[in-house]
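Scroll down for the structure; my scribbles are underneath it.
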Amino acid sequence: MTGTNNNQNSIADIAEMGQQIRRDIIKMLLISGSGHSGGPLGLADIFASLYFRILKRDSSNPNWPERDYFFLSAGHLAPVWYATLARAGYFPIEELSTLRKINTRLQGHPAPAYTHGAPGVEVASGSLGQGMSIAVGTCLGLRLDKKPNRVVVLHGDGELDEGQVWESMMTAGHYGLDNLTAIVDRNFCQIDNRTDKVMEIEPLADKWRAFRWNVIECDGHNVEEFIGAMEEAQATRGKPSVVIAKTFMGRGVSFMEDNYKWHGVPPNQEQAKQALLEIPPTKFGDFITFEWEEEVPETAKQS
Amino acid sequence: MKRIQSTGEKATRQGFSDALMELAEENSDIVVLGGDVSPSVKVDVFAKKYPERFFSVGVSEADMMGIAAGLALVGKVPIASAYGEFAAGRPFDQIRQSLAYSELPVKICASHCGITVGPDGATHQSLEDIALMRVLPHMTVVSPADYHETKRAFKASMGVTGGPIYLRYFRDATPMFTGEDGPFEIGRANRLIDGSDATVIACGLQVWEAVKAAEVLDKEGISVRLLNMHTIKPLDTAAILDSAKETGAIVTAEDHQIHCGLGSAVAECLAQGHPVPQEFVAVKDTFGESGNGADLMEKYGVSRTAIVDAVKKVLKRKKSS
C-alpha cells in the first residue's frame with residue numbers, strides 16, 4: 001500500500017491502516033516522551049483515507065510536479081502525519097522512533113524536507129491558523145498556470161479561533177477556489193476544555209456557507225463516508241469545499257476517547273500498554289516491538 | 001572632498017514600481033499581492049496591466065504573507081506589498097514561520113517606512129521594522145537610499161533564494177544622488193565619500209542626510225568617510241571593520257529606533273571584531289507623532305544636524321580613548 005496508484009486500496013485495507021497508524025502513534029509518543037496523543041489518534045482514519053485513496057502522490061518523489069498539495073495547518077497533529085507518511089513510503093518506518101529527538105527530521109511541529117524536516121512536508125506549521133493562507137496561495141498559483149493539482153488543508157476545530165483562518169476563508173470564497181478542499185477535525189476538544197466552553201464556534205457549517213464555501217459534514221471515523229465526502233468536495237465546481245469531519249479525540253483508546261485532557265500529553269508505559277491492548281495488531285506490522293509486549297496477559301494464559 | 005550632487009527628487013516607492021514594471025514584462029512568474037493600498041504602494045499600474053497576476057487580498061496582511069508563501073511554493077515570484085508597519089509588524093509571526101523558517105523566496109516590499117510618513121502619525125511610522133526583520137534567520141534586509149537605488153535593490157532581490165527579502169523604502173520624493181548606473185550588490189556597502197577622521201554608516205534616507213552632514217563637517221576641517229549600508233542583513237562586516245581600523249570612530253544613522261536596527265548591527269560587528277567609539281543617530285526609544293517629515297526628522301534626531309553633532313561627539317571620545 002505504498003505506491004502511487006491509490007485507487008486500488010480497499011476500504012477494509014484503509015480502515016486497517018488507520019488502526020496501524022494508531023498503534024504507531026502510541027509507540028512514537030511513548031518513545032519520545034512528549035507530544036500530542038488525542039488529536040492524532042482521532043485523525044488516523046482520515047489520514048489513512050487521504051494518503052491511501054484521496055491524494056495524488058509519489059512517495060519516492062515527494063516533489064512530483066503532478067502531486068496534490070497537502071497542508072497540515074494544525075502542526076501539533078504531526079504524529080499522525082509522520083506515521084502516515086512513513087506507512088506511505090516517504091521515509092523508513094523505523095525513523096518514527098526519532099520523533100522530537102535531536103537531529104531528527106520529525107520535528108515536534110512539522111518542517112519541510114528542504115529545511116531540516118520530513119519528506120512530504122511542504123511548509124512549516126505549528127503556529128496556528130496559517131495553513132489555509134498557504135493553501136490559497138498554492139491554489140491561485142496552480143490556477144494561474146492552469147494546472148489540475150488539488151490542494152487539501154486540514155484544520156483543528158480549536159484552531160478556528162485564529163482570525164487568520166477567517167481571512168483566508170474569505171479570500172478562498174472570493175476567488176471561488178474549487179481546487180481547494182479544507183478539512184475540519186471537529187472533535188469538540190481543545191487544550192483548556194470543550195470547544196463550546198473555550199470559544200463557541202457554532203453554527204460552524206453556516207459560517208463557512210456565509211463565506212461562500214460548499215459544506216459537507218461527515219463521520220470522520222467512517223472511511224467510506226469520509227472518502228465519499230472528499231470526492232464530492234473535489235467534484236464541486238465554482239467554490240471551495242470544506243469537509244467538517246466529526247471525530248473523537250483519542251479514538252480507539254477507552255481512557256483517552258473524547259477527553260480534552262489528552263490533547264497535548266503522551267501516554268506513559270502503563271497507559272501505552274493498555275492502549276495497545278485496545279488497538280489490536282494489524283497485518284501491516286509494528287515499527288518496533290517493546291520487550292513488555294511479549295508478556296502474555298493472565299487472561300490469555302488460562303484459555 | 002568629493003561633492004555628491006542631487007539630480008532631482010523622486011520617491012523611492014516609485015523606484016520600486018518602475019523596476020517592477022520593467023521586470024514584469026520579461027518575467028511572467030512575478031505576481032503581486034495587494035492589500036487595499038495599491039495606489040499608495042504603487043502597484044496599481046501592475047494591477048492594471050497584468051490583472052491576472054494581481055491578487056487583491058483585502059486588508060489582511062497576515063493572510064497576504066501566507067498566500068505569498070503558497071505562491072512561492074508553486075514557483076511564482078510573489079511581491080507582498082504593504083506599508084512598513086503592516087508588512088513587518090502586523091504579520092511578524094506569519095513571516096517567521098511561513099516564509100523565513102520555511103525558506104520561501106517572497107519579496108516583502110514595504111513602502112511608507114520610517115518617520116517621514118509624517119502626518120499619519122505614530123501608528124503608521126514603522127520604526128521597528130529593521131529590528132523585527134533582521135532578527136529572523138534566512139531573511140535579507142535592504143534599505144536603499146534613493147529612487148535609483150530602490151530600482152536596483154528590487155531587481156537584485158530577484159536573485160535572493162532560500163528565504164524572503166524585506167525591502168524598506170519611503171513615501172516622499174527625496175533627492176536622487178546614487179546615479180542611474182551606480183554599483184549595487186546585496187551585502188556590499190558602497191563607499192560614497194572617502195575620509196579619515198570618522199566613518200558615518202547610514203541607510204535609507206539618512207544616507208543623503210549624511211552627505212549633507214559631511215559637507216558641513218568638511219568646511220570645519222573634519223574628514224568623514226561615508227558608507228551607504230543599504231543592506232542591513234547580510235551585513236558587510238569587512239567594510240565596517242576596515243573603516244573602524246582606518247578611521248577609528250563610527251557614527252551610524254538610520255530612520256529607525258535606536259535599538260536593534262542598523263546601529264545595533266554595526267555595534268555587534270565592532271564588538272566582535274574591532275571595538276571603537278560609536279555614536280547612534282536614530283529615534284531614541286520613543287514613538288513618533290504627526291507633523292511634516294523634515295520637522296519630525298529634526299525633532300526626533302534623525303537629520304543632518306544630528307549626524308554633525310554625533311560625529312563631533314564621537315571624535316571627542318576617539319581622542320580621549
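Here's how to read the names in the C-alpha cells: chain A, B, ... by the order shown, residue numbers from 1 in each chain, ligand numbers from 1 in the order shown.
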| message | From a backbone DSSP assignment, name each residue in stretch 167-302 of chain A labelled helix (DSSP H, G or I), as a PyMOL selection string. | response | chain A and resi 167-174+195-198+204-210+223-235+260-262+269-278+291-293+298-302
| Distance filter 6 Å, only C-alpha atoms, chain A against chain B, as a VMD selection string | chain A and resid 123 to 124 133 to 138 141 168
| For A:Gly250, which of A:Ser37, A:Ser73, A:Gln19, A:Asn179 is the closest residue, counting only C-alpha atoms? |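 Of A:Ser37, A:Ser73, A:Gln19, A:Asn179, the one nearest A:Gly250, counting only C-alpha atoms, is A:Ser37.
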| task | Work out how far atom CA of B:Ser196 is from atom CA of B:Glu215, in Å to one decimal. | result |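 Straight-line distance from atom CA of B:Glu215 to atom CA of B:Ser196 works out to 14.2 Å.
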| said: Neighbouring residues of A:Val242 were defined as those with any atom within 12 Å, considering only C-alpha atoms; residues of the same chain fewer than 2 positions away were excluded. Please report them as an MDAnalysis selection string. | reply: chainID A and resid 132 151:155 169 172:173 177:186 204:209 211:218 226 229:234 236 239:240 244:245
| field | atom CA of B:Lys312 to atom CA of B:Trp208, distance in Å rounded to a single decimal | value |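 Distance reported for this atom pair: 18.5 Å.
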| field | Every residue of stretch 33-107 of chain A that DSSP places in strand (DSSP E or B), as an NGL selection string | value | :A and (69-72)
Suppose we keep N, CA and C atoms; can you now write the selection as a short mmCIF file (atom, residue, chain, number, x, y, z; two decimals), in the first residue's frame?
```
data_model
loop_
_atom_site.label_atom_id
_atom_site.label_comp_id
_atom_site.auth_asym_id
_atom_site.auth_seq_id
_atom_site.Cartn_x
_atom_site.Cartn_y
_atom_site.Cartn_z
N TYR A 69 -1.36 18.86 -3.28
CA TYR A 69 -0.67 19.50 -2.14
C TYR A 69 -1.50 19.30 -0.87
N PHE A 70 -0.82 18.82 0.17
CA PHE A 70 -1.50 18.67 1.46
C PHE A 70 -0.80 19.52 2.50
N PHE A 71 -1.59 20.33 3.21
CA PHE A 71 -1.05 21.18 4.28
C PHE A 71 -1.73 20.82 5.61
N LEU A 72 -0.92 20.55 6.61
CA LEU A 72 -1.45 20.34 7.96
C LEU A 72 -1.31 21.66 8.70
#
```
| request: Extract, using only C-alpha atoms, all DNA, RNA and protein residues at most 6 Å from stretch 127-144 of chain B, discarding same-chain residues fewer than 5 positions from it, and format them as a list in words. | output: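 Selected residues are Ala88, Ala100, Gly114, Glu149, Thr150, Gly163, Pro164, Ile165, Tyr166, Leu167, Arg168, Gly204, His230, Thr231, Ile232, Lys233, His256, Gln257, Cys260 and Gly261 of chain B.
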